[in-house]
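Enquirer: Here it is, the structure in full.
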Amino acid sequence: MTALDLCADWPVDNVSAAVIQHGSGQSAIASTHGNTTRVFRLASLAKPMTSWAVLIAAEEGIVDLDEELPESFAGQRNCTLRHLLSHAGGYPFDGRTPIAVPERTRTYSNGGIELAAALVEQTSEMMFADYLRLAVFEPLGMQDSALRGSPAHRVWSTVDDVARFLAEVRHPSLVSAATAAEAVRVQYPTLAGMVPGVGRYAQCPWGLGFEIRGDKSPHWTGARNAPGTYGHFGGAGTLMWSDPEADVSLIALTDRPFDEWDTAALHYWPQLADFVLEEFQGQP
């Protein structure tokens, strides 16, 4: 029995999963469950992918992470792309009208991510779906991935393609190593906030598009996961994380919305994480 065999107990119709081990300069899938070429809606796993495209745009000089956005665009002053990508801009869960000033709280926001994508779309003079495809999906060989709506939660993809993305984050080829490290570094570390569906935390660390585990408890990752673990889970019943200390990543995609089995998911997901780390941590 392998750790991923635990997925068979989940109350979902379909689940595909993979464990990735990241060696020195390369990544490889070490274990799988289900059909890893099956296409699922990723929901909020789209946010780190959208953010990666924004970081590419920043390195290309199309946008600037720390330049104040026009008030006519952002709806407020003193807001930057860095705020938007780290949920520190003060935007609501849905919508683009600010409800707080930047850096006041960690307010998880689809609207903020959508604004970041809209800026790239505006400055590149290219639909963001095309920019994401050309900048991220095609170079990484993510041939079964596509954005079909909001860049915050409407990407469809497969376990195999998500594995390619997590390999890129660990061993970047599309951005510099410094930019990749910044993406998974805590931004505005003192901010309190909420992870929707999980809990509210006095310190709610987030990177640029990636949630960072920190010392959140309870949490959807495992007790064995290091504080620097980064990733995301989605309302479609999906998750991905990478533990940089263990050099191990986990992807699990399902077709049952999180809010239909949230209590069970928050039992099964940490359980699986701990078993994965027990099985694969420290292996060559």
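Identifiers for the structure tokens are assigned positionally: chains receive A, B, ... in sequence, residues are indexed from 1 per chain, and ligands are indexed from 1 in the order shown.
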I'd like to know which residues of range 149-191 of chain A are helix (DSSP H, G or I) (by DSSP, run on the backbone); could you write them as a list in words?
Expert: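 Taking range 149-191 of chain A and keeping helix (DSSP H, G or I) gives Val159, Asp160, Asp161, Val162, Ala163, Arg164, Phe165, Leu166, Ala167, Glu168, Val169, Arg170, Ala177, Ala178, Thr179, Ala180, Ala181, Glu182 and Ala183 of chain A.
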Enquirer: Go ahead and save the residues from that selection, with N, CA and C atoms, as a compact mmCIF listing (two decimals), in the first residue's frame.
Expert:
```txt
# COMPACT_ATOMS: atom_id res chain seq x y z
N VAL A 159 -3.51 16.42 -13.62
CA VAL A 159 -2.44 16.20 -12.65
C VAL A 159 -1.08 16.30 -13.32
N ASP A 160 -0.95 15.72 -14.50
CA ASP A 160 0.35 15.77 -15.19
C ASP A 160 0.79 17.20 -15.47
N ASP A 161 -0.17 18.04 -15.89
CA ASP A 161 0.18 19.43 -16.19
C ASP A 161 0.48 20.21 -14.92
N VAL A 162 -0.29 19.99 -13.86
CA VAL A 162 -0.01 20.69 -12.60
C VAL A 162 1.36 20.28 -12.08
N ALA A 163 1.74 19.02 -12.30
CA ALA A 163 3.08 18.57 -11.90
C ALA A 163 4.15 19.35 -12.65
N ARG A 164 3.90 19.62 -13.92
CA ARG A 164 4.86 20.41 -14.69
C ARG A 164 4.98 21.82 -14.12
N PHE A 165 3.87 22.37 -13.68
CA PHE A 165 3.90 23.71 -13.09
C PHE A 165 4.68 23.71 -11.78
N LEU A 166 4.42 22.76 -10.90
CA LEU A 166 5.13 22.73 -9.63
C LEU A 166 6.62 22.46 -9.83
N ALA A 167 6.96 21.70 -10.85
CA ALA A 167 8.38 21.50 -11.17
C ALA A 167 9.02 22.81 -11.59
N GLU A 168 8.28 23.64 -12.33
CA GLU A 168 8.77 24.95 -12.74
C GLU A 168 9.01 25.84 -11.53
N VAL A 169 8.10 25.82 -10.57
CA VAL A 169 8.26 26.67 -9.39
C VAL A 169 9.50 26.25 -8.60
N ARG A 170 9.73 24.94 -8.53
CA ARG A 170 10.89 24.44 -7.78
C ARG A 170 12.18 24.67 -8.53
N ALA A 177 15.65 32.78 -10.62
CA ALA A 177 15.58 32.10 -9.33
C ALA A 177 15.16 33.07 -8.22
N ALA A 178 15.59 34.33 -8.33
CA ALA A 178 15.23 35.32 -7.32
C ALA A 178 13.73 35.61 -7.35
N THR A 179 13.16 35.71 -8.53
CA THR A 179 11.72 35.95 -8.64
C THR A 179 10.94 34.76 -8.13
N ALA A 180 11.38 33.55 -8.47
CA ALA A 180 10.70 32.34 -7.99
C ALA A 180 10.73 32.28 -6.47
N ALA A 181 11.87 32.62 -5.88
CA ALA A 181 11.97 32.61 -4.42
C ALA A 181 11.05 33.65 -3.80
N GLU A 182 10.93 34.78 -4.43
CA GLU A 182 10.04 35.84 -3.93
C GLU A 182 8.59 35.39 -3.94
N ALA A 183 8.22 34.60 -4.94
CA ALA A 183 6.84 34.14 -5.07
C ALA A 183 6.41 33.30 -3.88
```
Enquirer: Within 7 Å of Ala192 in chain A, counting only C-alpha atoms, which residues show up once you throw out same-chain ones fewer than 2 positions away? Write them as a compact mmCIF listing (two decimals) with N, CA and C atoms, in the first residue's frame, please.
Expert:
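Resulting contents of selection37.txt:
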```
# COMPACT_ATOMS: atom_id res chain seq x y z
N THR A 105 -5.13 44.14 6.18
CA THR A 105 -5.50 42.78 6.54
C THR A 105 -5.27 41.87 5.35
N ARG A 106 -5.24 40.56 5.59
CA ARG A 106 -5.12 39.59 4.50
C ARG A 106 -6.55 39.21 4.11
N THR A 190 3.01 40.30 8.96
CA THR A 190 2.26 40.53 10.19
C THR A 190 0.75 40.50 9.98
N TYR A 201 -6.71 33.42 11.15
CA TYR A 201 -5.42 33.31 11.82
C TYR A 201 -4.86 34.69 12.16
N ALA A 202 -4.25 34.79 13.34
CA ALA A 202 -3.63 36.05 13.75
C ALA A 202 -2.49 36.42 12.82
N GLN A 203 -1.82 35.44 12.27
CA GLN A 203 -0.84 35.64 11.20
C GLN A 203 -1.22 34.70 10.08
N CYS A 204 -1.47 35.26 8.90
CA CYS A 204 -1.97 34.48 7.76
C CYS A 204 -1.02 34.66 6.59
```
Enquirer: Give me, as a list in words, all polymer residues having an atom no more than 7 Å from range 16-22 of chain A, counting only C-alpha atoms and skipping those fewer than 3 positions away in the same chain.
Expert: Gln26, Ser27, Ala28, Ile29, Ala30, Ser31, Thr32, His33, Gly34, Asn35, Thr36, Val159, Asp247, Val248, Ser249, Leu250, Ile251, Ala252, Leu253 and Thr254 of chain A
Enquirer: Would you write out those residues with C-alpha atoms, as an mmCIF file, in the first residue's frame?
Expert:
```cif
data_model
loop_
_atom_site.group_PDB
_atom_site.id
_atom_site.type_symbol
_atom_site.label_atom_id
_atom_site.label_comp_id
_atom_site.auth_asym_id
_atom_site.auth_seq_id
_atom_site.Cartn_x
_atom_site.Cartn_y
_atom_site.Cartn_z
ATOM 1 C CA GLN A 26 15.090 18.133 -11.739
ATOM 2 C CA SER A 27 11.666 16.873 -10.676
ATOM 3 C CA ALA A 28 10.000 13.522 -11.254
ATOM 4 C CA ILE A 29 6.632 11.966 -10.493
ATOM 5 C CA ALA A 30 7.220 9.260 -7.872
ATOM 6 C CA SER A 31 3.699 7.898 -7.374
ATOM 7 C CA THR A 32 0.252 8.319 -8.934
ATOM 8 C CA HIS A 33 -3.383 7.449 -8.303
ATOM 9 C CA GLY A 34 -6.140 7.477 -10.901
ATOM 10 C CA ASN A 35 -5.992 8.937 -14.382
ATOM 11 C CA THR A 36 -3.402 11.707 -14.345
ATOM 12 C CA VAL A 159 -2.441 16.198 -12.649
ATOM 13 C CA ASP A 247 11.586 18.398 -1.606
ATOM 14 C CA VAL A 248 8.221 16.706 -2.121
ATOM 15 C CA SER A 249 5.009 17.933 -3.748
ATOM 16 C CA LEU A 250 1.470 16.577 -3.709
ATOM 17 C CA ILE A 251 -1.353 17.128 -6.205
ATOM 18 C CA ALA A 252 -4.873 15.789 -5.790
ATOM 19 C CA LEU A 253 -7.712 16.793 -8.124
ATOM 20 C CA THR A 254 -11.351 15.784 -7.624
#
```
Enquirer: If I take CA of Gly193 in chain A and CA of Ala117 in chain A, how far is one from the other in Å, to one decimal?
Expert: 22.8 Å
Enquirer: Using only C-alpha atoms, which protein or nucleic acid residues come within 12 Å of Glu121 in chain A? Drop anything in the same chain fewer than 3 positions from it, and give the result as JSON, numbers by chain.
Expert: {"A": [50, 53, 54, 57, 62, 63, 114, 115, 116, 117, 118, 124, 125, 126, 127, 128, 129, 130, 131, 132, 151]}
Enquirer: Let's have the selection written as a PDB file, in the first residue's frame, with C-alpha atoms.
Expert:
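After the write, selection-v8.pdb holds the following:
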```pdb
ATOM      1  CA  THR A  50      -1.983  33.442 -12.972  1.00  0.00           C
ATOM      2  CA  ALA A  53       2.285  34.812 -15.608  1.00  0.00           C
ATOM      3  CA  VAL A  54       2.195  38.201 -13.864  1.00  0.00           C
ATOM      4  CA  ALA A  57       5.266  40.058 -17.261  1.00  0.00           C
ATOM      5  CA  ILE A  62       5.364  44.946 -19.012  1.00  0.00           C
ATOM      6  CA  VAL A  63       4.297  45.624 -15.410  1.00  0.00           C
ATOM      7  CA  GLU A 114      -8.553  39.464 -11.551  1.00  0.00           C
ATOM      8  CA  LEU A 115      -7.281  43.048 -11.338  1.00  0.00           C
ATOM      9  CA  ALA A 116      -3.675  41.850 -11.588  1.00  0.00           C
ATOM     10  CA  ALA A 117      -4.512  39.842 -14.705  1.00  0.00           C
ATOM     11  CA  ALA A 118      -6.457  42.771 -16.149  1.00  0.00           C
ATOM     12  CA  SER A 124       0.444  43.688 -23.050  1.00  0.00           C
ATOM     13  CA  GLU A 125      -2.515  44.417 -25.363  1.00  0.00           C
ATOM     14  CA  MET A 126      -3.278  40.696 -25.295  1.00  0.00           C
ATOM     15  CA  MET A 127      -6.146  38.753 -23.771  1.00  0.00           C
ATOM     16  CA  PHE A 128      -4.913  37.328 -20.493  1.00  0.00           C
ATOM     17  CA  ALA A 129      -5.952  33.791 -21.454  1.00  0.00           C
ATOM     18  CA  ASP A 130      -3.620  34.070 -24.445  1.00  0.00           C
ATOM     19  CA  TYR A 131      -0.835  35.574 -22.338  1.00  0.00           C
ATOM     20  CA  LEU A 132      -1.110  32.764 -19.782  1.00  0.00           C
ATOM     21  CA  PRO A 151      -8.026  33.982 -13.954  1.00  0.00           C
TER      22      PRO A 151
END
```
Enquirer: Rounded to one decimal in Å, what is the spacing between CA of Ala43 in chain A and CA of Arg154 in chain A?
Expert: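 CA of Arg154 in chain A lies 5.7 Å from CA of Ala43 in chain A.
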Enquirer: Counting only C-alpha atoms, figure out which residue out of A:Ala264, A:Ala223, A:Ala88, A:Val184 gets nearest to Gly237 in chain A.
Expert: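 Distance minimum relative to Gly237 in chain A lands on A:Ala264.
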Enquirer: Go ahead and compute the interatomic distance for CA of Val136 in chain A and CA of Ile113 in chain A, in Å to one decimal.
Expert: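 So the two atoms, CA of Val136 in chain A and CA of Ile113 in chain A, lie 16.6 Å apart.
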Enquirer: Of the candidates A:Met49, A:Ala74, A:Val120, A:Met194, which one gets nearest to Trp156 in chain A if we count only C-alpha atoms?
Expert: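 Among the listed residues, the smallest separation from Trp156 in chain A belongs to A:Met49.
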Enquirer: Counting only C-alpha atoms, figure out which residue out of A:Pro11, A:Gly235, A:Gly25, A:Gly75 gets nearest to Arg96 in chain A.
Expert: A:Gly75
Enquirer: Name all residues at most 12 Å from Phe258 in chain A (count only C-alpha atoms; drop same-chain ones fewer than 3 positions away) and give them as a PDB file with N, CA, C and O atoms, in the first residue's frame.
Expert:
```pdb
ATOM      1  N   TRP A  10     -11.843   8.569  -0.309  1.00  0.00           N
ATOM      2  CA  TRP A  10     -12.464   9.891  -0.337  1.00  0.00           C
ATOM      3  C   TRP A  10     -13.884   9.806  -0.902  1.00  0.00           C
ATOM      4  O   TRP A  10     -14.130   9.041  -1.859  1.00  0.00           O
ATOM      5  N   PRO A  11     -14.822  10.594  -0.392  1.00  0.00           N
ATOM      6  CA  PRO A  11     -16.213  10.573  -0.861  1.00  0.00           C
ATOM      7  C   PRO A  11     -16.412  11.413  -2.122  1.00  0.00           C
ATOM      8  O   PRO A  11     -17.176  12.382  -2.141  1.00  0.00           O
ATOM      9  N   VAL A  12     -15.711  11.019  -3.181  1.00  0.00           N
ATOM     10  CA  VAL A  12     -15.779  11.731  -4.463  1.00  0.00           C
ATOM     11  C   VAL A  12     -15.930  10.701  -5.571  1.00  0.00           C
ATOM     12  O   VAL A  12     -15.570   9.536  -5.402  1.00  0.00           O
ATOM     13  N   LEU A  42      -9.621  23.386 -11.865  1.00  0.00           N
ATOM     14  CA  LEU A  42      -8.708  23.561 -10.755  1.00  0.00           C
ATOM     15  C   LEU A  42      -9.239  24.478  -9.681  1.00  0.00           C
ATOM     16  O   LEU A  42      -8.762  24.443  -8.543  1.00  0.00           O
ATOM     17  N   ALA A  43     -10.222  25.320 -10.015  1.00  0.00           N
ATOM     18  CA  ALA A  43     -10.681  26.368  -9.100  1.00  0.00           C
ATOM     19  C   ALA A  43      -9.473  27.235  -8.711  1.00  0.00           C
ATOM     20  O   ALA A  43      -8.690  27.619  -9.569  1.00  0.00           O
ATOM     21  N   SER A  44      -9.268  27.495  -7.426  1.00  0.00           N
ATOM     22  CA  SER A  44      -8.272  28.496  -7.036  1.00  0.00           C
ATOM     23  C   SER A  44      -6.823  28.064  -7.210  1.00  0.00           C
ATOM     24  O   SER A  44      -5.921  28.876  -6.967  1.00  0.00           O
ATOM     25  N   PRO A 196     -10.428  30.930   3.427  1.00  0.00           N
ATOM     26  CA  PRO A 196     -11.849  30.578   3.322  1.00  0.00           C
ATOM     27  C   PRO A 196     -12.088  29.078   3.469  1.00  0.00           C
ATOM     28  O   PRO A 196     -11.404  28.258   2.860  1.00  0.00           O
ATOM     29  N   GLY A 197     -13.048  28.736   4.306  1.00  0.00           N
ATOM     30  CA  GLY A 197     -13.399  27.348   4.503  1.00  0.00           C
ATOM     31  C   GLY A 197     -12.526  26.600   5.481  1.00  0.00           C
ATOM     32  O   GLY A 197     -12.788  25.426   5.781  1.00  0.00           O
ATOM     33  N   VAL A 198     -11.476  27.258   5.981  1.00  0.00           N
ATOM     34  CA  VAL A 198     -10.539  26.574   6.871  1.00  0.00           C
ATOM     35  C   VAL A 198     -10.460  27.255   8.230  1.00  0.00           C
ATOM     36  O   VAL A 198     -10.672  26.644   9.268  1.00  0.00           O
ATOM     37  N   TRP A 220      -5.209  22.732   5.969  1.00  0.00           N
ATOM     38  CA  TRP A 220      -5.526  21.676   4.995  1.00  0.00           C
ATOM     39  C   TRP A 220      -4.302  20.864   4.604  1.00  0.00           C
ATOM     40  O   TRP A 220      -4.440  19.820   3.971  1.00  0.00           O
ATOM     41  N   PHE A 233      -5.374  25.347  -2.274  1.00  0.00           N
ATOM     42  CA  PHE A 233      -6.454  24.408  -2.526  1.00  0.00           C
ATOM     43  C   PHE A 233      -7.583  25.160  -3.205  1.00  0.00           C
ATOM     44  O   PHE A 233      -7.602  26.390  -3.214  1.00  0.00           O
ATOM     45  N   GLY A 234      -8.499  24.396  -3.825  1.00  0.00           N
ATOM     46  CA  GLY A 234      -9.534  25.040  -4.621  1.00  0.00           C
ATOM     47  C   GLY A 234     -10.926  24.576  -4.250  1.00  0.00           C
ATOM     48  O   GLY A 234     -11.129  23.453  -3.766  1.00  0.00           O
ATOM     49  N   GLY A 235     -11.882  25.441  -4.514  1.00  0.00           N
ATOM     50  CA  GLY A 235     -13.273  25.143  -4.233  1.00  0.00           C
ATOM     51  C   GLY A 235     -13.849  24.020  -5.060  1.00  0.00           C
ATOM     52  O   GLY A 235     -14.968  23.566  -4.805  1.00  0.00           O
ATOM     53  N   ALA A 236     -13.117  23.538  -6.062  1.00  0.00           N
ATOM     54  CA  ALA A 236     -13.550  22.388  -6.850  1.00  0.00           C
ATOM     55  C   ALA A 236     -13.130  21.073  -6.196  1.00  0.00           C
ATOM     56  O   ALA A 236     -13.296  20.003  -6.788  1.00  0.00           O
ATOM     57  N   GLY A 237     -12.564  21.156  -4.969  1.00  0.00           N
ATOM     58  CA  GLY A 237     -12.092  19.943  -4.302  1.00  0.00           C
ATOM     59  C   GLY A 237     -10.715  19.531  -4.774  1.00  0.00           C
ATOM     60  O   GLY A 237     -10.440  18.345  -4.947  1.00  0.00           O
ATOM     61  N   THR A 238      -9.842  20.509  -4.956  1.00  0.00           N
ATOM     62  CA  THR A 238      -8.513  20.295  -5.532  1.00  0.00           C
ATOM     63  C   THR A 238      -7.446  20.841  -4.587  1.00  0.00           C
ATOM     64  O   THR A 238      -7.703  21.770  -3.809  1.00  0.00           O
ATOM     65  N   LEU A 239      -6.237  20.292  -4.693  1.00  0.00           N
ATOM     66  CA  LEU A 239      -5.146  20.812  -3.875  1.00  0.00           C
ATOM     67  C   LEU A 239      -3.808  20.550  -4.548  1.00  0.00           C
ATOM     68  O   LEU A 239      -3.651  19.612  -5.335  1.00  0.00           O
ATOM     69  N   LEU A 253      -6.607  16.112  -7.451  1.00  0.00           N
ATOM     70  CA  LEU A 253      -7.712  16.793  -8.124  1.00  0.00           C
ATOM     71  C   LEU A 253      -8.949  15.915  -8.040  1.00  0.00           C
ATOM     72  O   LEU A 253      -8.886  14.709  -8.294  1.00  0.00           O
ATOM     73  N   THR A 254     -10.091  16.519  -7.682  1.00  0.00           N
ATOM     74  CA  THR A 254     -11.351  15.784  -7.624  1.00  0.00           C
ATOM     75  C   THR A 254     -12.423  16.550  -8.385  1.00  0.00           C
ATOM     76  O   THR A 254     -12.224  17.692  -8.789  1.00  0.00           O
ATOM     77  N   ASP A 255     -13.574  15.898  -8.550  1.00  0.00           N
ATOM     78  CA  ASP A 255     -14.687  16.532  -9.243  1.00  0.00           C
ATOM     79  C   ASP A 255     -15.865  16.786  -8.302  1.00  0.00           C
ATOM     80  O   ASP A 255     -16.999  16.938  -8.741  1.00  0.00           O
ATOM     81  N   TRP A 261     -18.097  18.539   0.857  1.00  0.00           N
ATOM     82  CA  TRP A 261     -17.429  17.549   1.716  1.00  0.00           C
ATOM     83  C   TRP A 261     -16.296  18.182   2.510  1.00  0.00           C
ATOM     84  O   TRP A 261     -15.313  17.540   2.831  1.00  0.00           O
ATOM     85  N   ASP A 262     -16.480  19.459   2.889  1.00  0.00           N
ATOM     86  CA  ASP A 262     -15.408  20.200   3.526  1.00  0.00           C
ATOM     87  C   ASP A 262     -14.920  19.559   4.826  1.00  0.00           C
ATOM     88  O   ASP A 262     -13.707  19.476   5.066  1.00  0.00           O
ATOM     89  N   THR A 263     -15.840  19.087   5.663  1.00  0.00           N
ATOM     90  CA  THR A 263     -15.419  18.459   6.911  1.00  0.00           C
ATOM     91  C   THR A 263     -14.582  17.211   6.647  1.00  0.00           C
ATOM     92  O   THR A 263     -13.532  16.997   7.268  1.00  0.00           O
ATOM     93  N   ALA A 264     -15.042  16.393   5.702  1.00  0.00           N
ATOM     94  CA  ALA A 264     -14.284  15.192   5.342  1.00  0.00           C
ATOM     95  C   ALA A 264     -12.957  15.563   4.698  1.00  0.00           C
ATOM     96  O   ALA A 264     -11.915  14.960   5.008  1.00  0.00           O
ATOM     97  N   ALA A 265     -12.967  16.548   3.798  1.00  0.00           N
ATOM     98  CA  ALA A 265     -11.732  16.951   3.121  1.00  0.00           C
ATOM     99  C   ALA A 265     -10.687  17.422   4.117  1.00  0.00           C
ATOM    100  O   ALA A 265      -9.496  17.081   3.991  1.00  0.00           O
ATOM    101  N   LEU A 266     -11.109  18.181   5.122  1.00  0.00           N
ATOM    102  CA  LEU A 266     -10.155  18.694   6.098  1.00  0.00           C
ATOM    103  C   LEU A 266      -9.691  17.621   7.074  1.00  0.00           C
ATOM    104  O   LEU A 266      -8.806  17.855   7.896  1.00  0.00           O
ATOM    105  N   TRP A 269      -7.337  15.350   3.725  1.00  0.00           N
ATOM    106  CA  TRP A 269      -6.196  16.022   3.096  1.00  0.00           C
ATOM    107  C   TRP A 269      -4.968  16.073   4.011  1.00  0.00           C
ATOM    108  O   TRP A 269      -3.865  15.709   3.578  1.00  0.00           O
TER     109      TRP A 269
END
```
Enquirer: Find, counting only C-alpha atoms, the residue in A:Leu119, A:Leu55, A:Val276, A:Ala226 that gets nearest to Asp5 in chain A.
Expert: A:Val276
Enquirer: Tell me which of A:Met1, A:Ala152, A:Leu6, A:Ala135 sits closest to Leu272 in chain A, counting only C-alpha atoms.
Expert: A:Leu6
Enquirer: Can you list every residue of range 18-112 of chain A that has an atom at most 6 Å from range 205-212 of chain A, with its nearest atom pair and the distance in Å to one decimal, using only C-alpha atoms, ordered by chain then number, as JSON lines?
Expert:
```
{"residue": "A:Lys47", "atom": "CA", "partner": "A:Gly209", "partner_atom": "CA", "distance": 5.5}
{"residue": "A:Pro48", "atom": "CA", "partner": "A:Gly209", "partner_atom": "CA", "distance": 4.4}
{"residue": "A:Ser51", "atom": "CA", "partner": "A:Gly209", "partner_atom": "CA", "distance": 5.3}
{"residue": "A:Leu85", "atom": "CA", "partner": "A:Leu208", "partner_atom": "CA", "distance": 4.9}
{"residue": "A:Ser86", "atom": "CA", "partner": "A:Leu208", "partner_atom": "CA", "distance": 4.9}
```
